[in-house]
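Participant: Sending over input.txt (compact mmCIF, C-alpha atoms).
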# COMPACT_ATOMS: atom_id res chain seq x y z
CA MET A 709 37.22 62.61 -62.90
CA THR A 710 35.80 65.41 -65.02
CA ASP A 711 35.27 68.96 -63.79
CA ARG A 712 31.89 69.69 -62.24
CA TYR A 713 31.49 72.94 -64.20
CA ARG A 714 32.40 73.87 -67.77
CA SER A 715 31.72 77.60 -67.46
CA PHE A 716 31.56 80.37 -64.89
CA ALA A 717 27.81 80.70 -65.48
CA GLU A 718 27.33 77.08 -64.44
CA LEU A 719 29.59 77.51 -61.42
CA SER A 720 28.05 80.76 -60.19
CA ALA A 721 24.54 79.31 -60.46
CA SER A 722 25.41 76.81 -57.74
CA GLU A 723 28.27 78.41 -55.79
CA THR A 724 28.19 81.62 -53.73
CA GLU A 725 30.84 84.31 -54.10
CA GLY A 726 32.42 85.07 -50.75
CA VAL A 727 31.44 81.66 -49.41
CA HIS A 728 32.66 79.14 -51.96
CA PHE A 729 34.89 81.31 -54.14
CA ARG A 730 36.28 84.81 -54.51
CA VAL A 731 37.93 86.90 -57.21
CA GLN A 732 41.06 88.93 -56.49
CA GLN A 733 42.35 91.29 -59.13
CA THR A 734 44.43 94.40 -59.54
CA ALA A 735 44.85 96.05 -62.95
CA ARG A 736 48.12 97.94 -63.38
CA PRO A 737 49.60 99.84 -66.34
CA SER A 738 51.70 96.89 -67.47
CA LEU A 739 52.05 94.71 -70.56
CA ILE A 740 51.94 91.64 -68.32
CA ALA A 741 49.12 89.96 -66.35
CA ILE A 742 49.82 87.20 -63.83
CA VAL A 743 46.81 84.91 -63.46
CA ALA A 744 45.92 82.07 -61.12
CA PRO A 745 42.58 80.78 -62.42
CA HIS A 746 42.62 77.81 -60.02
CA GLY A 747 43.76 79.62 -56.90
CA GLY A 748 42.98 79.36 -53.23
CA GLU A 749 42.07 75.83 -52.24
CA ILE A 750 41.63 74.61 -55.83
CA GLU A 751 45.37 74.38 -56.54
CA PRO A 752 46.87 75.47 -53.20
CA GLY A 753 49.71 77.94 -53.28
CA THR A 754 49.09 79.27 -56.77
CA SER A 755 47.46 82.51 -55.63
CA GLN A 756 50.28 83.30 -53.21
CA ILE A 757 52.83 82.62 -55.95
CA ALA A 758 50.96 84.75 -58.50
CA LEU A 759 50.59 87.67 -56.09
CA THR A 760 54.26 87.53 -55.16
CA ILE A 761 55.38 87.48 -58.80
CA ALA A 762 53.07 90.39 -59.63
CA ALA A 763 54.25 92.40 -56.60
CA ASN A 764 53.32 96.05 -57.21
CA GLU A 765 54.37 95.88 -60.84
CA PHE A 766 52.22 93.57 -62.95
CA SER A 767 48.46 93.16 -63.21
CA VAL A 768 47.22 90.15 -61.26
CA TYR A 769 44.10 88.00 -61.12
CA CYS A 770 43.22 85.07 -58.87
CA PHE A 771 40.10 82.93 -58.83
CA ASP A 772 40.15 81.34 -55.37
CA GLY A 773 38.34 78.38 -53.96
CA LEU A 774 37.61 79.12 -50.30
CA ILE A 775 36.73 75.77 -48.75
CA ALA A 776 39.63 73.51 -47.82
CA GLY A 777 39.31 69.85 -48.64
CA ARG A 778 36.89 70.13 -51.55
CA PRO A 779 37.73 67.91 -54.50
CA HIS A 780 39.87 69.68 -57.12
CA ARG A 781 37.22 69.21 -59.81
CA ASP A 782 34.51 71.04 -57.85
CA LEU A 783 35.62 74.59 -58.76
CA HIS A 784 38.15 73.82 -61.49
CA ILE A 785 37.15 75.26 -64.87
CA ALA A 786 39.59 74.10 -67.54
CA SER A 787 41.95 76.86 -68.68
CA SER A 788 40.68 76.57 -72.26
CA LEU A 789 37.10 77.12 -71.02
CA PHE A 790 37.79 79.63 -68.25
CA ASP A 791 35.38 82.53 -68.78
CA GLU A 792 34.97 84.41 -65.50
CA PRO A 793 34.32 87.91 -66.88
CA GLU A 794 36.74 89.94 -64.75
CA GLY A 795 39.64 87.60 -65.41
CA CYS A 796 38.95 87.49 -69.13
CA LYS A 797 38.76 91.29 -69.25
CA LEU A 798 42.06 91.70 -67.42
CA VAL A 799 43.86 89.25 -69.71
CA ALA A 800 42.31 90.74 -72.86
CA GLY A 801 43.71 94.12 -71.86
CA SER A 802 47.24 92.77 -71.41
CA HIS A 803 49.84 91.96 -74.03
CA VAL A 804 50.94 88.71 -72.38
CA ALA A 805 49.46 86.60 -69.60
CA VAL A 806 51.42 84.24 -67.38
CA GLY A 807 49.29 81.48 -65.85
CA ILE A 808 50.29 80.03 -62.47
CA HIS A 809 49.00 76.49 -61.97
CA GLY A 810 49.56 73.50 -59.74
CA ARG A 811 50.29 70.01 -60.98
CA LYS A 812 50.52 66.69 -59.16
CA ASP A 813 54.07 65.64 -58.31
CA GLN A 814 53.84 62.50 -60.46
CA GLY A 815 57.11 61.33 -59.01
CA ASP A 816 58.80 64.72 -59.42
CA GLY A 817 58.04 67.32 -56.79
CA GLU A 818 60.71 69.79 -57.91
CA THR A 819 60.41 70.56 -61.61
CA VAL A 820 58.32 73.44 -62.96
CA TRP A 821 56.82 72.61 -66.36
CA VAL A 822 56.76 75.83 -68.38
CA GLY A 823 54.33 75.78 -71.29
CA GLY A 824 52.27 78.19 -73.34
CA ARG A 825 52.50 79.48 -76.91
CA ASP A 826 55.16 82.16 -76.37
CA ALA A 827 58.31 80.12 -76.99
CA ASN A 828 60.66 83.03 -76.39
CA LEU A 829 59.24 83.96 -73.00
CA ARG A 830 58.81 80.31 -72.08
CA ASN A 831 62.52 79.69 -72.62
CA ARG A 832 63.49 82.87 -70.77
CA ILE A 833 61.52 81.76 -67.71
CA VAL A 834 63.03 78.26 -67.79
CA GLU A 835 66.54 79.72 -67.97
CA ALA A 836 65.85 82.27 -65.22
CA LEU A 837 64.44 79.65 -62.84
CA GLN A 838 67.43 77.42 -63.48
CA ARG A 839 69.84 80.29 -62.75
CA TYR A 840 68.12 80.76 -59.41
CA GLY A 841 68.56 77.09 -58.54
CA PHE A 842 65.10 75.79 -59.44
CA LYS A 843 64.42 72.88 -61.73
CA ALA A 844 62.40 73.82 -64.82
CA LEU A 845 61.77 72.50 -68.30
CA SER A 846 59.98 73.70 -71.42
CA ASP A 847 56.77 71.74 -71.95
CA THR A 848 55.09 71.55 -75.34
CA GLN A 849 54.00 67.91 -75.25
CA SER A 850 52.05 67.14 -72.08
CA ASP A 851 48.30 67.46 -71.75
CA ILE A 852 48.87 70.49 -69.48
CA SER A 853 51.31 72.28 -71.80
CA GLY A 854 49.10 75.36 -72.21
CA ILE A 855 49.48 75.55 -75.99
CA ASP A 856 45.76 75.58 -76.79
CA PRO A 857 44.99 79.01 -78.31
CA GLY A 858 41.93 79.17 -76.06
CA ASN A 859 43.94 78.73 -72.88
CA ILE A 860 43.49 81.79 -70.64
CA CYS A 861 47.26 82.42 -70.79
CA ASN A 862 47.08 82.80 -74.58
CA ARG A 863 44.25 85.31 -74.68
CA GLY A 864 46.27 88.51 -74.34
CA THR A 865 46.62 90.82 -77.31
CA SER A 866 49.73 88.94 -78.51
CA GLY A 867 47.75 85.68 -78.74
CA LYS A 868 50.48 83.80 -76.90
CA GLY A 869 51.44 83.51 -73.26
CA VAL A 870 53.11 81.22 -70.75
CA GLN A 871 51.84 78.69 -68.24
CA LEU A 872 53.79 77.49 -65.19
CA GLU A 873 52.76 74.10 -63.79
CA ILE A 874 54.29 73.91 -60.32
CA PRO A 875 54.33 70.56 -58.47
CA ARG A 876 52.55 70.29 -55.13
CA THR A 877 55.70 69.65 -53.10
CA LEU A 878 57.42 72.74 -54.50
CA ARG A 879 54.28 74.85 -53.97
CA ASN A 880 54.18 73.78 -50.34
CA GLU A 881 57.85 74.70 -49.92
CA LEU A 882 57.37 78.10 -51.56
CA VAL A 883 54.42 78.98 -49.34
CA LYS A 884 56.28 77.90 -46.20
CA SER A 885 59.49 79.76 -47.03
CA PRO A 886 59.18 83.49 -47.76
CA SER A 887 62.80 83.69 -48.91
CA LEU A 888 62.38 80.78 -51.33
CA LEU A 889 59.18 82.32 -52.68
CA ARG A 890 60.91 85.67 -53.13
CA GLY A 891 63.68 83.99 -55.11
CA PHE A 892 61.20 82.14 -57.30
CA ALA A 893 59.23 85.31 -57.97
CA GLU A 894 62.38 87.31 -58.67
CA ALA A 895 63.50 84.75 -61.24
CA VAL A 896 60.20 84.95 -63.10
CA ARG A 897 60.12 88.76 -62.90
CA ASN A 898 63.64 88.99 -64.30
CA ALA A 899 62.56 86.94 -67.30
CA LEU A 900 59.52 89.19 -67.71
CA HIS A 901 61.65 92.33 -67.53
CA ASP A 902 63.94 90.95 -70.27
CA HIS A 903 60.89 90.12 -72.36
CA ILE A 904 59.39 93.59 -71.97
CA ALA A 905 62.73 95.17 -72.89
CA ARG A 906 62.78 93.11 -76.08
CA LEU A 907 59.21 94.11 -76.92
CA THR A 908 59.70 97.79 -76.26
CA GLY A 909 63.29 98.16 -77.43
CA ASN A 910 64.35 99.58 -74.07
Would you put the structure from the file into structure tokens?
Facilitator:
Amino acid sequence: MTDRYRSFAELSASETEGVHFRVQQTARPSLIAIVAPHGGEIEPGTSQIALTIAANEFSVYCFDGLIAGRPHRDLHIASSLFDEPEGCKLVAGSHVAVGIHGRKDQGDGETVWVGGRDANLRNRIVEALQRYGFKALSDTQSDISGIDPGNICNRGTSGKGVQLEIPRTLRNELVKSPSLLRGFAEAVRNALHDHIARLTGN
């Protein structure tokens, strides 16, 4: 099934903010933005994960579907087409964006597929998640690998970012277990701290 909308203008002409969707964002003085463009009920759990990773340190943006049970395609704008103005502005003002997404289990409800154009950061996140006991792999081949230059995660000033595709079973477990979610977020943040240190020489 194809997405109902191919742009935010199309979506907002038919959907009401505060009823069908909402935007959450906090801009912070950081090189990093954590974004969940399919948050809320679109890809459940992704907003909670993004907000926990961001904590009080990184900029964060979530586009949330508000009505449970709606088909995924109803409010899903493809990452390469995502053009909600506030989210685009936040990402454009950041050096690197990290996209938090949900994938179907497809027979594997544990492994995080880590894609995007920033190979160095991608590998750092995979290694950090593995150190914390999570299953993760670097993804450059699937149709959700996030390597399209137009993907929202690749629109920071560096022109390359990272995309985490988290399976539904793992998302459910993270949302249900605060300690597990904290560990997941800490793993990703550690990789981001290492990446910032490399960029800044600190």
Participant: Between CA of Ile785 (chain A) and CA of Lys868 (chain A), what is the distance, to one decimal in Å?
Facilitator: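 We find that CA of Ile785 (chain A) and CA of Lys868 (chain A) lie 19.9 Å from each other.
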Participant: Which residue, A:Ile740, A:Ala786, A:Ile874, A:Ala735, has the smallest gap to Thr710 (chain A) when you use all atoms listed in the file?
Facilitator: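 The answer is A:Ala786, which sits nearest to Thr710 (chain A).
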Participant: Fewer than 5 positions away in the same chain doesn't count, so skip those; otherwise give me all residues within 12 Å of Gly864 (chain A), counting only C-alpha atoms, as a PyMOL selection string.
Facilitator: chain A and resi 739-743+795-807+824-826+857-859+869-870
Participant: What separation in Å, quoted to one decimal, exists between CA of Ala721 (chain A) and CA of Thr734 (chain A)?
Facilitator: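 Taking CA of Ala721 (chain A) as the start and CA of Thr734 (chain A) as the end point, the length is 25.0 Å.
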Participant: So how far away is CA of Thr760 (chain A) from CA of Gln733 (chain A), in Å?
Facilitator: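 Rounded to one decimal, the two atoms are 13.1 Å apart.
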Participant: From the list A:Thr754, A:Tyr840, A:Gly747, A:Arg736, which residue is nearest Val896 (chain A) when using only C-alpha atoms?
Facilitator: A:Tyr840
